[in-house]
file model12.txt (compact mmCIF, C-alpha atoms and all ligand atoms)
# COMPACT_ATOMS: atom_id res chain seq x y z
CA MET X 294 0.00 0.00 0.00
CA ILE X 295 1.25 3.45 -0.88
CA GLN X 296 1.67 5.76 2.09
CA PHE X 297 1.68 9.50 1.92
CA GLY X 298 2.64 9.88 5.60
CA ILE X 299 6.00 11.49 5.01
CA ILE X 300 4.57 13.89 2.48
CA ALA X 301 1.75 14.79 4.84
CA ARG X 302 4.09 15.62 7.71
CA ASN X 303 5.77 18.24 5.59
CA PHE X 304 2.91 20.61 5.46
CA SER X 305 0.66 19.56 8.29
CA SER X 306 2.78 19.75 11.41
CA SER X 307 5.52 21.69 13.05
CA SER X 308 7.74 18.60 12.98
CA ALA X 309 8.45 19.24 9.29
CA VAL X 310 12.12 19.03 8.39
CA GLN X 311 13.48 22.52 7.77
CA SER X 312 15.83 23.40 4.94
CA ALA X 313 17.71 26.65 4.38
CA ILE X 314 16.70 26.32 0.75
CA LYS X 315 13.53 28.31 0.11
CA ASN X 316 13.70 29.11 -3.61
CA VAL X 317 14.00 26.14 -5.94
CA THR X 318 14.33 26.30 -9.69
CA VAL X 319 13.47 23.06 -11.48
CA ILE X 320 14.62 22.92 -15.08
CA GLY X 321 12.70 20.51 -17.32
CA GLY X 322 8.95 20.30 -16.90
CA GLY X 323 8.51 16.71 -18.14
CA LEU X 324 7.73 13.59 -16.18
CA MET X 325 10.38 14.08 -13.47
CA GLY X 326 10.62 17.88 -13.32
CA SER X 327 6.88 18.27 -12.79
CA GLY X 328 7.01 15.77 -9.92
CA ILE X 329 10.01 17.50 -8.33
CA ALA X 330 8.25 20.87 -8.62
CA GLN X 331 5.17 19.36 -6.99
CA VAL X 332 6.89 17.88 -3.94
CA SER X 333 8.88 21.11 -3.43
CA ALA X 334 5.76 23.29 -3.61
CA GLN X 335 3.74 21.07 -1.32
CA ALA X 336 6.59 21.32 1.20
CA GLY X 337 6.15 25.12 1.21
CA GLN X 338 9.00 26.17 -1.08
CA ASN X 339 8.85 28.80 -3.82
CA VAL X 340 9.29 26.96 -7.10
CA THR X 341 10.15 28.19 -10.57
CA LEU X 342 9.52 25.48 -13.14
CA VAL X 343 11.31 25.98 -16.45
CA ASP X 344 10.91 24.31 -19.80
CA VAL X 345 11.82 25.35 -23.34
CA SER X 346 8.25 24.49 -24.30
CA SER X 347 5.30 26.46 -22.93
CA ASP X 348 3.01 23.57 -23.95
CA VAL X 349 5.00 21.27 -21.65
CA LEU X 350 4.66 23.82 -18.83
CA ALA X 351 0.89 24.00 -19.30
CA LYS X 352 0.70 20.19 -19.26
CA ALA X 353 2.90 20.07 -16.15
CA GLN X 354 0.68 22.53 -14.27
CA LYS X 355 -2.34 20.42 -15.14
CA SER X 356 -0.79 17.14 -14.01
CA ILE X 357 0.58 18.73 -10.82
CA GLY X 358 -2.95 19.97 -10.04
CA THR X 359 -4.35 16.47 -10.56
CA ASN X 360 -1.65 14.82 -8.46
CA LEU X 361 -1.96 17.39 -5.65
CA GLY X 362 -5.67 16.57 -5.69
CA ARG X 363 -4.79 12.88 -5.14
CA VAL X 364 -2.64 13.83 -2.15
CA ALA X 365 -5.31 16.17 -0.74
CA LYS X 366 -8.00 13.51 -1.04
CA LYS X 367 -5.89 11.22 1.09
CA VAL X 368 -4.42 13.64 3.63
CA TYR X 369 -7.49 15.86 4.08
CA LYS X 370 -10.12 13.19 3.61
CA ASP X 371 -12.12 14.54 6.57
CA ASN X 372 -11.64 18.19 5.63
CA PRO X 373 -12.18 18.79 1.89
CA ALA X 374 -12.08 22.58 2.26
CA GLU X 375 -8.62 22.36 3.80
CA GLY X 376 -7.65 20.00 0.97
CA GLU X 377 -8.74 22.53 -1.65
CA LYS X 378 -6.76 25.23 0.15
CA PHE X 379 -3.69 22.98 0.17
CA VAL X 380 -3.97 22.37 -3.58
CA ALA X 381 -4.50 26.07 -4.38
CA GLU X 382 -1.66 27.24 -2.10
CA SER X 383 0.76 24.63 -3.43
CA LEU X 384 -0.06 25.49 -7.05
CA GLY X 385 0.29 29.18 -6.17
CA ARG X 386 3.91 28.58 -5.14
CA ILE X 387 4.85 27.35 -8.63
CA LYS X 388 5.63 29.91 -11.26
CA THR X 389 6.66 28.92 -14.77
CA LEU X 390 9.24 30.38 -17.13
CA THR X 391 10.80 29.42 -20.45
CA ASP X 392 14.13 31.16 -19.74
CA PRO X 393 16.47 29.10 -17.49
CA ALA X 394 18.87 32.03 -16.98
CA GLU X 395 16.12 34.28 -15.65
CA ALA X 396 14.89 31.49 -13.37
CA ALA X 397 18.34 30.83 -11.89
CA LYS X 398 18.88 34.41 -10.73
CA SER X 399 16.78 33.98 -7.59
CA ALA X 400 17.46 30.29 -6.89
CA ASP X 401 19.01 28.79 -3.76
CA LEU X 402 18.93 25.42 -5.52
CA VAL X 403 18.65 24.48 -9.19
CA VAL X 404 17.50 20.92 -9.91
CA GLU X 405 18.05 19.98 -13.54
CA ALA X 406 15.68 17.38 -15.04
CA ILE X 407 16.10 17.91 -18.77
CA VAL X 408 16.84 15.39 -21.49
CA GLU X 409 19.48 12.72 -20.65
CA ASN X 410 22.16 14.10 -22.95
CA MET X 411 25.58 15.26 -21.76
CA GLU X 412 26.02 18.01 -24.36
CA VAL X 413 22.61 19.53 -23.66
CA LYS X 414 23.20 19.38 -19.90
CA HIS X 415 26.65 21.00 -20.35
CA LYS X 416 25.21 23.84 -22.40
CA LEU X 417 22.57 24.51 -19.75
CA PHE X 418 24.89 24.43 -16.72
CA LYS X 419 27.51 26.61 -18.44
CA GLN X 420 24.84 29.23 -19.02
CA LEU X 421 23.47 28.96 -15.45
CA ASP X 422 26.92 29.20 -13.87
CA GLY X 423 27.34 32.67 -15.33
CA VAL X 424 24.08 34.06 -13.95
CA ALA X 425 23.15 32.24 -10.72
CA PRO X 426 24.17 33.80 -7.39
CA SER X 427 27.40 32.41 -5.96
CA HIS X 428 25.56 30.57 -3.13
CA THR X 429 23.26 28.65 -5.53
CA ILE X 430 23.63 24.88 -5.45
CA PHE X 431 23.36 23.02 -8.76
CA ALA X 432 22.04 19.46 -8.89
CA SER X 433 21.25 17.02 -11.68
CA ASN X 434 18.51 14.38 -11.61
CA THR X 435 20.40 12.29 -14.19
CA SER X 436 19.62 8.55 -14.24
CA SER X 437 22.82 7.30 -15.77
CA LEU X 438 25.35 10.04 -16.52
CA SER X 439 28.35 10.92 -14.36
CA ILE X 440 27.81 13.85 -11.97
CA ASN X 441 31.53 14.74 -12.18
CA GLU X 442 31.33 14.85 -15.96
CA ILE X 443 28.22 17.05 -15.91
CA ALA X 444 29.88 19.34 -13.33
CA SER X 445 33.08 19.62 -15.36
CA VAL X 446 31.83 22.75 -17.18
CA VAL X 447 31.02 24.87 -14.12
CA ASN X 448 33.28 26.82 -11.80
CA ARG X 449 31.24 25.98 -8.68
CA LYS X 450 32.16 22.25 -8.63
CA ASP X 451 32.05 22.37 -4.82
CA LYS X 452 28.38 23.37 -5.04
CA PHE X 453 27.38 20.65 -7.50
CA GLY X 454 25.85 17.24 -6.80
CA GLY X 455 23.26 14.72 -7.82
CA LEU X 456 19.65 14.60 -6.59
CA HIS X 457 18.19 11.47 -8.15
CA PHE X 458 14.42 11.06 -7.74
CA PHE X 459 12.27 8.09 -8.74
CA ASN X 460 9.21 7.85 -10.92
CA PRO X 461 6.45 8.65 -9.94
CA VAL X 462 8.13 11.35 -7.83
CA PRO X 463 5.16 12.17 -5.55
CA VAL X 464 4.86 8.49 -4.58
CA MET X 465 8.39 7.07 -4.49
CA LYS X 466 10.00 7.83 -1.14
CA LEU X 467 13.68 7.53 -2.01
CA LEU X 468 16.11 10.28 -2.98
CA GLU X 469 19.68 9.38 -3.93
CA VAL X 470 22.02 12.20 -2.94
CA VAL X 471 25.17 11.94 -5.02
CA ARG X 472 28.45 13.42 -3.85
CA GLY X 473 30.71 14.31 -6.74
CA ALA X 474 34.49 14.29 -6.37
CA GLU X 475 34.46 18.00 -5.48
CA THR X 476 31.06 18.37 -3.74
CA ASN X 477 31.85 20.06 -0.41
CA ASP X 478 30.38 19.12 2.98
CA ALA X 479 28.09 22.16 3.16
CA THR X 480 26.56 21.35 -0.23
CA TYR X 481 26.13 17.68 0.65
CA GLN X 482 24.46 18.56 3.98
CA ALA X 483 22.21 21.14 2.29
CA MET X 484 21.13 18.56 -0.32
CA MET X 485 20.40 15.98 2.39
CA SER X 486 18.28 18.36 4.46
CA TRP X 487 16.48 19.70 1.40
CA GLY X 488 15.66 16.11 0.36
CA LYS X 489 14.21 15.41 3.81
CA SER X 490 12.26 18.68 3.70
CA VAL X 491 10.46 17.50 0.54
CA GLY X 492 9.48 14.28 2.28
CA LYS X 493 12.08 11.88 0.94
CA THR X 494 14.29 9.33 2.65
CA CYS X 495 17.80 10.21 1.48
CA ILE X 496 20.69 7.87 0.89
CA THR X 497 24.25 8.87 0.06
CA CYS X 498 25.81 7.65 -3.19
CA LYS X 499 29.16 7.97 -4.87
CA ASP X 500 29.34 9.06 -8.48
CA THR X 501 29.35 5.53 -9.90
CA PRO X 502 27.27 4.34 -12.91
CA GLY X 503 23.59 4.18 -11.92
CA PHE X 504 24.43 5.16 -8.32
CA VAL X 505 22.71 2.46 -6.19
CA VAL X 506 19.23 1.82 -7.57
CA ASN X 507 19.89 1.90 -11.30
CA ARG X 508 23.16 -0.03 -10.94
CA LEU X 509 21.03 -2.89 -9.61
CA LEU X 510 17.81 -2.23 -11.50
CA VAL X 511 19.20 -1.90 -15.03
CA PRO X 512 21.05 -5.28 -15.00
CA TYR X 513 17.98 -6.88 -13.34
CA ILE X 514 15.63 -5.60 -16.06
CA CYS X 515 18.14 -6.54 -18.75
CA GLU X 516 18.47 -10.09 -17.40
CA ALA X 517 14.66 -10.37 -17.45
CA ILE X 518 14.61 -9.26 -21.11
CA ARG X 519 17.35 -11.79 -21.95
CA LEU X 520 15.44 -14.54 -20.13
CA PHE X 521 12.32 -13.71 -22.18
CA GLU X 522 14.40 -13.44 -25.37
CA ARG X 523 15.78 -16.96 -24.81
CA GLY X 524 12.22 -18.23 -24.48
CA ASP X 525 12.79 -19.49 -20.95
CA ALA X 526 9.46 -18.08 -19.73
CA SER X 527 6.62 -15.87 -20.96
CA ALA X 528 6.59 -12.14 -20.22
CA ARG X 529 3.55 -12.55 -17.99
CA ASP X 530 5.14 -15.40 -16.02
CA ILE X 531 8.40 -13.49 -15.52
CA ASP X 532 6.44 -10.55 -14.14
CA ILE X 533 4.20 -12.70 -11.95
CA ALA X 534 7.32 -14.47 -10.64
CA MET X 535 8.99 -11.28 -9.45
CA LYS X 536 5.79 -9.79 -8.02
CA LEU X 537 4.68 -12.87 -6.11
CA GLY X 538 8.05 -14.49 -5.53
CA ALA X 539 10.10 -11.44 -4.67
CA GLY X 540 7.48 -8.89 -3.59
CA TYR X 541 8.14 -6.26 -6.27
CA PRO X 542 5.20 -3.90 -7.03
CA MET X 543 5.74 -4.37 -10.78
CA GLY X 544 7.43 -7.17 -12.69
CA PRO X 545 10.67 -6.31 -14.57
CA LEU X 546 9.08 -6.27 -18.03
CA GLU X 547 6.13 -4.18 -16.84
CA LEU X 548 8.63 -1.81 -15.25
CA ALA X 549 10.69 -1.67 -18.46
CA ASP X 550 7.53 -0.68 -20.36
CA TYR X 551 6.67 1.89 -17.64
CA VAL X 552 10.13 3.50 -17.75
CA GLY X 553 10.28 3.37 -21.56
CA LEU X 554 12.23 0.86 -23.68
CA ASP X 555 14.08 3.71 -25.41
CA THR X 556 15.31 4.89 -21.99
CA ASN X 557 16.37 1.34 -21.10
CA LYS X 558 18.29 1.10 -24.37
CA PHE X 559 19.81 4.56 -24.04
CA ILE X 560 21.21 3.76 -20.59
CA LEU X 561 22.48 0.33 -21.61
CA ASP X 562 24.18 1.63 -24.77
CA GLY X 563 25.85 4.47 -22.87
CA TRP X 564 27.25 2.13 -20.22
CA HIS X 565 28.28 -0.47 -22.81
CA LYS X 566 30.28 2.18 -24.66
CA LYS X 567 31.95 3.29 -21.43
CA TYR X 568 32.46 -0.19 -19.94
CA PRO X 569 32.77 -2.58 -22.95
CA ASP X 570 34.19 -5.40 -20.78
CA GLN X 571 31.13 -5.58 -18.49
CA PRO X 572 28.87 -8.34 -19.96
CA LEU X 573 25.85 -7.11 -17.95
CA PHE X 574 25.86 -4.00 -20.12
CA ASN X 575 26.00 -5.84 -23.47
CA PRO X 576 23.35 -4.83 -26.05
CA ILE X 577 20.19 -6.94 -26.18
CA PRO X 578 18.96 -7.73 -29.73
CA LEU X 579 15.29 -7.96 -28.65
CA LEU X 580 15.43 -4.57 -26.93
CA ASP X 581 17.08 -3.01 -30.00
CA LYS X 582 14.40 -4.56 -32.25
CA LEU X 583 11.46 -3.30 -30.16
CA VAL X 584 12.89 0.22 -30.02
CA SER X 585 13.60 0.26 -33.77
CA GLU X 586 9.95 -0.72 -34.33
CA GLY X 587 8.79 2.21 -32.19
CA LYS X 588 7.58 -0.14 -29.46
CA LEU X 589 8.68 1.96 -26.51
CA GLY X 590 6.33 0.70 -23.82
CA VAL X 591 3.40 2.49 -22.16
CA LYS X 592 4.08 5.82 -23.87
CA SER X 593 3.84 4.40 -27.41
CA GLY X 594 1.01 1.95 -26.68
CA GLU X 595 3.16 -1.19 -27.01
CA GLY X 596 6.31 -2.72 -25.58
CA PHE X 597 6.37 -6.14 -23.98
CA TYR X 598 2.61 -5.58 -23.52
CA LYS X 599 -0.07 -3.58 -25.35
CA TYR X 600 -1.63 -0.49 -23.75
CA ASP X 601 -4.60 1.73 -24.51
CA LYS X 602 -3.29 4.98 -25.92
CA LYS X 603 -4.34 7.91 -23.68
C1 LIG L 701 16.62 -0.24 -17.37
C2 LIG L 701 15.76 0.53 -16.39
C3 LIG L 701 16.34 1.77 -16.05
C4 LIG L 701 15.62 2.72 -15.21
C5 LIG L 701 15.55 4.00 -15.93
C6 LIG L 701 15.70 5.21 -15.20
C7 LIG L 701 14.67 5.51 -14.19
C8 LIG L 701 15.35 6.05 -12.98
O1 LIG L 701 16.37 6.73 -13.03
C9 LIG L 701 14.82 5.71 -11.66
C10 LIG L 701 13.42 5.26 -11.60
O2 LIG L 701 12.51 6.02 -11.47
S1 LIG L 701 13.21 3.60 -11.72
C11 LIG L 701 11.49 3.37 -11.51
C12 LIG L 701 11.11 3.42 -10.06
N1 LIG L 701 9.71 3.20 -9.94
C13 LIG L 701 9.19 1.98 -9.71
O3 LIG L 701 9.89 1.01 -9.55
C14 LIG L 701 7.69 1.95 -9.68
C15 LIG L 701 7.19 0.59 -9.33
N2 LIG L 701 5.75 0.62 -9.25
C16 LIG L 701 5.07 1.09 -8.16
O4 LIG L 701 5.65 1.45 -7.15
C17 LIG L 701 3.59 1.12 -8.28
O5 LIG L 701 3.20 0.17 -9.23
C18 LIG L 701 3.03 2.54 -8.66
C19 LIG L 701 3.29 3.52 -7.53
C20 LIG L 701 3.62 3.09 -9.94
C21 LIG L 701 1.53 2.43 -8.90
O6 LIG L 701 0.97 1.85 -7.77
P1 LIG L 701 -0.27 0.87 -7.88
O7 LIG L 701 0.09 -0.20 -8.82
O8 LIG L 701 -0.66 0.51 -6.49
O9 LIG L 701 -1.37 1.73 -8.65
P2 LIG L 701 -2.32 2.85 -8.16
O10 LIG L 701 -3.38 2.29 -7.28
O11 LIG L 701 -2.71 3.56 -9.41
O12 LIG L 701 -1.44 3.87 -7.32
C22 LIG L 701 -1.20 3.74 -5.94
C23 LIG L 701 -1.26 5.10 -5.29
O13 LIG L 701 -0.27 5.96 -5.83
C24 LIG L 701 -0.87 7.10 -6.42
N3 LIG L 701 -0.18 7.43 -7.65
C25 LIG L 701 0.12 6.56 -8.65
N4 LIG L 701 0.78 7.20 -9.61
C26 LIG L 701 0.89 8.49 -9.19
C27 LIG L 701 1.47 9.65 -9.74
N5 LIG L 701 2.06 9.64 -10.93
N6 LIG L 701 1.44 10.79 -9.02
C28 LIG L 701 0.85 10.83 -7.83
N7 LIG L 701 0.27 9.78 -7.26
C29 LIG L 701 0.29 8.64 -7.94
C30 LIG L 701 -2.31 6.71 -6.68
O14 LIG L 701 -3.16 7.83 -6.63
C31 LIG L 701 -2.60 5.76 -5.57
O15 LIG L 701 -2.93 6.52 -4.44
P3 LIG L 701 -4.10 6.01 -3.49
O16 LIG L 701 -5.25 5.72 -4.37
O17 LIG L 701 -4.30 7.16 -2.60
O18 LIG L 701 -3.53 4.81 -2.81
N1 LIG L 702 11.84 9.00 -16.59
C1 LIG L 702 12.30 8.46 -15.47
O1 LIG L 702 11.77 7.45 -14.97
C2 LIG L 702 13.46 9.10 -14.77
C3 LIG L 702 14.25 10.04 -15.40
N2 LIG L 702 15.31 10.61 -14.72
C4 LIG L 702 16.15 11.63 -15.37
O2 LIG L 702 15.46 12.88 -15.30
C5 LIG L 702 15.76 13.67 -16.47
C6 LIG L 702 14.46 14.03 -17.16
O3 LIG L 702 13.77 12.87 -17.51
P1 LIG L 702 12.20 12.90 -17.85
O4 LIG L 702 11.49 13.84 -16.96
O5 LIG L 702 11.79 11.48 -17.93
O6 LIG L 702 12.23 13.52 -19.33
P2 LIG L 702 11.09 14.25 -20.14
O7 LIG L 702 11.40 14.06 -21.57
O8 LIG L 702 9.74 13.87 -19.64
O9 LIG L 702 11.31 15.80 -19.77
C7 LIG L 702 12.43 16.54 -20.14
C8 LIG L 702 11.99 17.96 -20.40
O10 LIG L 702 13.13 18.79 -20.51
C9 LIG L 702 12.83 19.82 -21.46
N3 LIG L 702 14.09 20.40 -21.90
C10 LIG L 702 14.99 19.85 -22.74
N4 LIG L 702 16.06 20.67 -22.86
C11 LIG L 702 15.82 21.74 -22.07
C12 LIG L 702 16.55 22.93 -21.75
N5 LIG L 702 17.74 23.16 -22.28
N6 LIG L 702 16.00 23.81 -20.89
C13 LIG L 702 14.78 23.57 -20.35
N7 LIG L 702 14.04 22.47 -20.61
C14 LIG L 702 14.57 21.57 -21.45
C15 LIG L 702 12.01 19.12 -22.53
O11 LIG L 702 11.21 20.05 -23.24
C16 LIG L 702 11.18 18.13 -21.69
O12 LIG L 702 9.92 18.67 -21.37
C17 LIG L 702 16.74 12.83 -17.30
O13 LIG L 702 18.04 13.19 -16.97
C18 LIG L 702 16.43 11.41 -16.84
O14 LIG L 702 17.52 10.53 -17.00
C19 LIG L 702 15.60 10.30 -13.42
C20 LIG L 702 14.82 9.41 -12.74
C21 LIG L 702 13.71 8.69 -13.37

call {"tool": "encode", "arguments": {"input": "model12.txt", "output": "C-alpha cells", "more": "lines below"}}
Ligand SMILES: CCCCCCCC(=O)CC(=O)SCCNC(=O)CCNC(=O)[C@H](O)C(C)(C)COP(=O)(O)OP(=O)(O)OC[C@H]1O[C@@H](n2cnc3c(N)ncnc32)[C@H](O)[C@@H]1OP(=O)(O)O
Ligand SMILES: NC(=O)C1=CN([C@@H]2O[C@H](COP(=O)(O)OP(=O)(O)OC[C@H]3O[C@@H](n4cnc5c(N)ncnc54)[C@H](O)[C@@H]3O)[C@@H](O)[C@H]2O)C=CC1
result
Amino acid sequence: MIQFGIIARNFSSSSAVQSAIKNVTVIGGGLMGSGIAQVSAQAGQNVTLVDVSSDVLAKAQKSIGTNLGRVAKKVYKDNPAEGEKFVAESLGRIKTLTDPAEAAKSADLVVEAIVENMEVKHKLFKQLDGVAPSHTIFASNTSSLSINEIASVVNRKDKFGGLHFFNPVPVMKLLEVVRGAETNDATYQAMMSWGKSVGKTCITCKDTPGFVVNRLLVPYICEAIRLFERGDASARDIDIAMKLGAGYPMGPLELADYVGLDTNKFILDGWHKKYPDQPLFNPIPLLDKLVSEGKLGVKSGEGFYKYDKK
C-alpha cells in the first residue's frame, strides 16, 4: 500500500524538516521535473519550473494539479475545504518560465531534469553558472550520466551534486544524494536536508554508474529481457514471478515498459560504450528490435505488452 505519511508531515505539522533552501528552480517540466516541482511546492518552497516548451509547462501545471488533488483527497479526507486550500496554495507557489537564466537568478537550488544528454546538460549548466548567485547549489537528476562529468563545465564544482528522484516522484520515497568528487560538505548537507524537507528518505551515493538503484535495476531488467528473449518463460510469467516471488510492485518487463524501452536502451548503450568489458551492459537484440519498431512501452502503446493509448 502506498503511504503519503511522510509527504503529509511536511505541510501539516511543526515537525516538518526545515531546509535553508527556500527558492527552488526546477529545469525541465517533463515527467520528473513536474514531480520535483510538486513535492517542493507542497513542502512550502517557492518553485520556478522551467521548460523550453510552454506547452509542456501548461501540461505540467495540469498534471501537478491532478496529483496534488490525489494527495489532498488522502491527507485531508475529513476536511475537503482544507484539501482545496492545500492544492491552491501549493499550485500558487509554482511559477513557470521558459528562460532558465532568468529562473536561476533567484534560486538557492537548481535541480536539472532535462533530457538525458551530456552536451545539452553541459550547455545549460555553463549558461546557469554565469548568472546564478554564488551561493546557488546546482544538482542534476540524471539517471545514468556521471555527476563529475556534468559538473566539469562549471566553476562551482564544490556546489554541485546529484539529486536522483524516482518515478512517480510524488509516490516514491527515495532520494539518492550523489556526492561528486568535489562536492563540499556544506553542499552535501544542504542537499540531504532539502531532500528530507520535501518528504524523501535520502541515501548517500558515490558518483558511480547508476548510483545504487539503477546499478542494480538496469542489469535486473536486462536479465529479465534476456530470459524472455531466450524463451525461458513468458513475459507474464516473468512478471508474476517477481511480483509474487520477490514482492516487487511491478514485474521487470512491466517496469521496463513503464520507464520506456528507449530509456532502457539509451542507458544500456551508454554504459556499454563506457564499460565494454562488463557483460551485464551488453546490447540486447530484442530490446534493439522493439525500439527500432517504435515499441517503446506504455508511452507508445506497445512494448512487452499492449496499452490503450491515452
Ligand atoms: C533499465 C531501467 C532503467 C531505469 C531507468 C531510469 C529511471 C530512474 O532513473 C529511476 C526510476 O525512477 S526507476 C522506476 C522506479 N519506480 C518503480 O519502480 C515503480 C514501481 N511501481 C510502483 O511502485 C507502483 O506500481 C506505482 C506507484 C507506480 C503504482 O501503484 P499501484 O500499482 O498501487 O497503482 P495505483 O493504485 O494507481 O497507485 C497507488 C497510489 O499511488 C498514487 N499514484 C500513482 N501514480 C501516481 C502519480 N504519478 N502521481 C501521484 N500519485 C500517484 C495513486 O493515486 C494511488 O494513491 P491512493 O489511491 O491514494 O492509494
Ligand atoms: N523517466 C524516469 O523514470 C526518470 C528520469 N530521470 C532523469 O530525469 C531527467 C528528465 O527525464 P524525464 O522527466 O523522464 O524527461 P522528459 O522528456 O519527460 O522531460 C524533459 C523535459 O526537458 C525539457 N528540456 C529539454 N532541454 C531543455 C533545456 N535546455 N532547458 C529547459 N528544458 C529543457 C524538454 O522540453 C522536456 O519537457 C533525465 O536526466 C532522466 O535521465 C531520473 C529518474 C527517473

call {"tool": "axis_aligned_box", "arguments": {"input": "model12.txt", "around": "ligand LIG 702 (chain L)", "padding_each_side": "4 Å", "output": "JSON"}}
result
{"center_x": 13.9, "center_y": 15.6, "center_z": -18.0, "size_x": 16.3, "size_y": 24.4, "size_z": 18.5}

call {"tool": "closest_residue", "arguments": {"input": "model12.txt", "among": "X:Cys498, X:Leu417, X:Leu467, X:Val319", "to": "ligand LIG 702 (chain L)", "atoms": "all atoms listed in the file"}}
result
X:Leu417

call {"tool": "residues_around", "arguments": {"input": "model12.txt", "residues": "Leu583 of chain X", "least_positions_apart": "5", "cutoff": "7 Å", "atoms": "only C-alpha atoms", "output": "PyMOL selection string"}}
result
chain X and resi 588-589+596

call {"tool": "residues_near_ligand", "arguments": {"input": "model12.txt", "ligand": "ligand LIG 702 (chain L)", "cutoff": "7 Å", "atoms": "only C-alpha atoms and all ligand atoms", "output": "ChimeraX atom specification"}}
result
/X:320-326,343-346,349,393,406-409,413,417,434-437,457-460,552

call {"tool": "closest_atom_pairs", "arguments": {"input": "model12.txt", "of": "chain X", "to": "ligand LIG 701 (chain L)", "cutoff": "6 Å", "atoms": "only C-alpha atoms and all ligand atoms", "output": "Markdown table"}}
result
| residue | atom | partner | partner_atom | distance |
| --- | --- | --- | --- | --- |
| X:Ile295 | CA | L:LIG701 | O18 | 5.3 |
| X:Asn360 | CA | L:LIG701 | C28 | 4.8 |
| X:Arg363 | CA | L:LIG701 | O14 | 5.5 |
| X:Lys367 | CA | L:LIG701 | O17 | 5.7 |
| X:Ser436 | CA | L:LIG701 | O1 | 3.9 |
| X:Phe459 | CA | L:LIG701 | O2 | 3.4 |
| X:Asn460 | CA | L:LIG701 | O2 | 3.8 |
| X:Pro461 | CA | L:LIG701 | N5 | 4.6 |
| X:Pro463 | CA | L:LIG701 | C28 | 5.1 |
| X:Val464 | CA | L:LIG701 | N7 | 5.5 |
| X:Asn507 | CA | L:LIG701 | C4 | 5.8 |
| X:Leu510 | CA | L:LIG701 | C2 | 6.0 |
| X:Val511 | CA | L:LIG701 | C1 | 3.9 |
| X:Ile514 | CA | L:LIG701 | C1 | 5.6 |
| X:Pro542 | CA | L:LIG701 | O5 | 5.0 |
| X:Met543 | CA | L:LIG701 | N2 | 5.2 |
| X:Ala549 | CA | L:LIG701 | C2 | 5.9 |
| X:Val552 | CA | L:LIG701 | C5 | 5.7 |
| X:Asn557 | CA | L:LIG701 | C1 | 4.1 |

call {"tool": "residues_around", "arguments": {"input": "model12.txt", "residues": "Glu522 of chain X", "least_positions_apart": "5", "cutoff": "9 Å", "atoms": "only C-alpha atoms", "output": "ChimeraX atom specification"}}
result
/X:517,577-579

call {"tool": "write_last_selection", "arguments": {"input": "model12.txt", "atoms": "C-alpha atoms", "output": "compact mmCIF listing (two decimals), keeping the file's coordinate frame"}}
result
# COMPACT_ATOMS: atom_id res chain seq x y z
CA ALA X 517 14.66 -10.37 -17.45
CA ILE X 577 20.19 -6.94 -26.18
CA PRO X 578 18.96 -7.73 -29.73
CA LEU X 579 15.29 -7.96 -28.65

call {"tool": "atom_distance", "arguments": {"input": "model12.txt", "atom1": "atom CA of Gly328 of chain X", "atom2": "atom CA of Val462 of chain X"}}
result
5.0 Å
